[in-house]
Amino acid sequence: MKLSTKKIFTVFLLLGCCGAWVKAQISPPGLGDAKTAFWSAFGVKRQLDSLGKKQALSYIAIGRKSSPDNDNLFSKQAIFVLNHEVYNSFAPHQQYSYAISYRRQPQYESEAPYDKENTEQEFRIYGRYAYTFDLGKKLKLKNTVRQEFRKFFDADFHKVEEDFQLRTRIKSQLTYNLSSKNNQKIAISAEALFSISHLNEPQPQWESFGYREMRIAAYYMFNIPNSPFTVDVGYMDDLIRGSNSIHHGGVHYLAADVVWNIPYRKR
């Protein structure tokens, strides 16, 4: 899959020209080279005002993945995540959010038997802007731009090869309301990731800015009857530029998350 940066931007520009806030799943992160992966999260979403325009979502999550030469998506620990994000639907069809995140991710050798090599920690802050188009009564198109700052350490908070990274993510998600019963929806999305990194080794220097990944996903979302919980189950294909996995169609994820929705309560 050879896609130039110009072609990627063209695809997302066309999608963006095709709004109210659209509910989104807790998207899986990149888990590195593998054949298959599993992602699961539990979140708590709180309404912060009586109008429903401000929300906060906190979640804890884990990821597992296979080795590059097998399909057992639970075979290796892949990531542990703590994330907190605040959303503000400040105008019709428009929303911004800001977040802080901590991630702990084992690193494995690139050759068989793919033993654990070390552990990398990441602290991340990001901001997101989204605009949603209403395409009829049941269909919505949400376009998002997200800017991230990522800082990396080893398990003992020492420097690692990659010092920090600036990453831009451009995403379009099409959501269709299947049924008002249990608020059932399906969503398909495509997200392109571009980044530039500052390296500590072999000497302090900047990498070039460029396209790194494409993530394509499909989700089914619904509310559990007579409860405050929402469930999202889905599939994601992570196409990593220059990886071994891209030669067999990318890294194939199964994902599931549960969100506990807490309404606004006046203090």
# chains A, B, ... in the order shown; residues from 1 in each chain; ligands from 1

call {"tool": "residues_around", "arguments": {"residues": "segment 99-103 of chain A", "least_positions_apart": "3", "cutoff": "9 Å", "atoms": "only C-alpha atoms", "output": "number ranges by chain"}}
result
A: 79-87, 120-128

call {"tool": "closest_atom_pairs", "arguments": {"of": "segment 62-152 of chain A", "to": "segment 195-212 of chain A", "cutoff": "10 Å", "atoms": "only C-alpha atoms", "output": "CSV"}}
result
residue,atom,partner,partner_atom,distance
A:Gln147,CA,A:Ser195,CA,9.7
A:Glu148,CA,A:Ser195,CA,9.2
A:Phe149,CA,A:Ser195,CA,9.9
A:Arg150,CA,A:Ser197,CA,9.2
A:Lys151,CA,A:His198,CA,9.9

call {"tool": "residues_around", "arguments": {"residues": "Gln55 of chain A", "least_positions_apart": "4", "cutoff": "7 Å", "atoms": "only C-alpha atoms", "output": "mmCIF file with C-alpha atoms, in the first residue's frame"}}
result
data_model
loop_
_atom_site.group_PDB
_atom_site.id
_atom_site.type_symbol
_atom_site.label_atom_id
_atom_site.label_comp_id
_atom_site.auth_asym_id
_atom_site.auth_seq_id
_atom_site.Cartn_x
_atom_site.Cartn_y
_atom_site.Cartn_z
ATOM 1 C CA LYS A 45 -18.517 9.812 31.009
ATOM 2 C CA ARG A 46 -19.911 12.682 33.069
ATOM 3 C CA GLN A 47 -22.164 15.525 31.966
ATOM 4 C CA LEU A 48 -20.616 18.736 33.302
ATOM 5 C CA VAL A 86 -12.890 17.121 28.429
ATOM 6 C CA TYR A 87 -15.297 18.005 25.587
ATOM 7 C CA ASN A 88 -17.111 21.260 24.836
#

call {"tool": "closest_atom_pairs", "arguments": {"of": "segment 85-182 of chain A", "to": "segment 215-231 of chain A", "cutoff": "10 Å", "atoms": "only C-alpha atoms", "output": "tab-separated table"}}
result
residue	atom	partner	partner_atom	distance
A:Lys171	CA	A:Arg215	CA	9.0
A:Ser172	CA	A:Ile216	CA	9.9
A:Gln173	CA	A:Ala217	CA	9.0
A:Leu174	CA	A:Ala218	CA	9.6
A:Thr175	CA	A:Tyr219	CA	9.2
A:Tyr176	CA	A:Tyr220	CA	9.8
A:Asn177	CA	A:Met221	CA	9.6
A:Leu178	CA	A:Tyr220	CA	9.6
A:Ser179	CA	A:Phe222	CA	9.4
A:Ser180	CA	A:Phe222	CA	9.6
A:Lys181	CA	A:Asn223	CA	8.6
A:Asn182	CA	A:Asn223	CA	4.8

call {"tool": "atom_distance", "arguments": {"atom1": "atom CA of Ser27 of chain A", "atom2": "atom CA of Gln94 of chain A"}}
result
20.0 Å

call {"tool": "closest_residue", "arguments": {"among": "A:Lys65, A:Arg267, A:Lys137, A:Arg169", "to": "Pro106 of chain A", "atoms": "only C-alpha atoms"}}
result
A:Lys65

call {"tool": "atom_distance", "arguments": {"atom1": "atom CA of Asn70 of chain A", "atom2": "atom CA of Gly242 of chain A"}}
result
19.5 Å

call {"tool": "residues_around", "arguments": {"residues": "Gly249 of chain A", "least_positions_apart": "6", "cutoff": "12 Å", "atoms": "only C-alpha atoms", "output": "number ranges by chain"}}
result
A: 1, 33-36, 214-216, 236-241, 243

call {"tool": "closest_residue", "arguments": {"among": "A:Arg64, A:Arg104, A:Lys53, A:Lys185", "to": "Ala37 of chain A", "atoms": "only C-alpha atoms"}}
result
A:Arg64
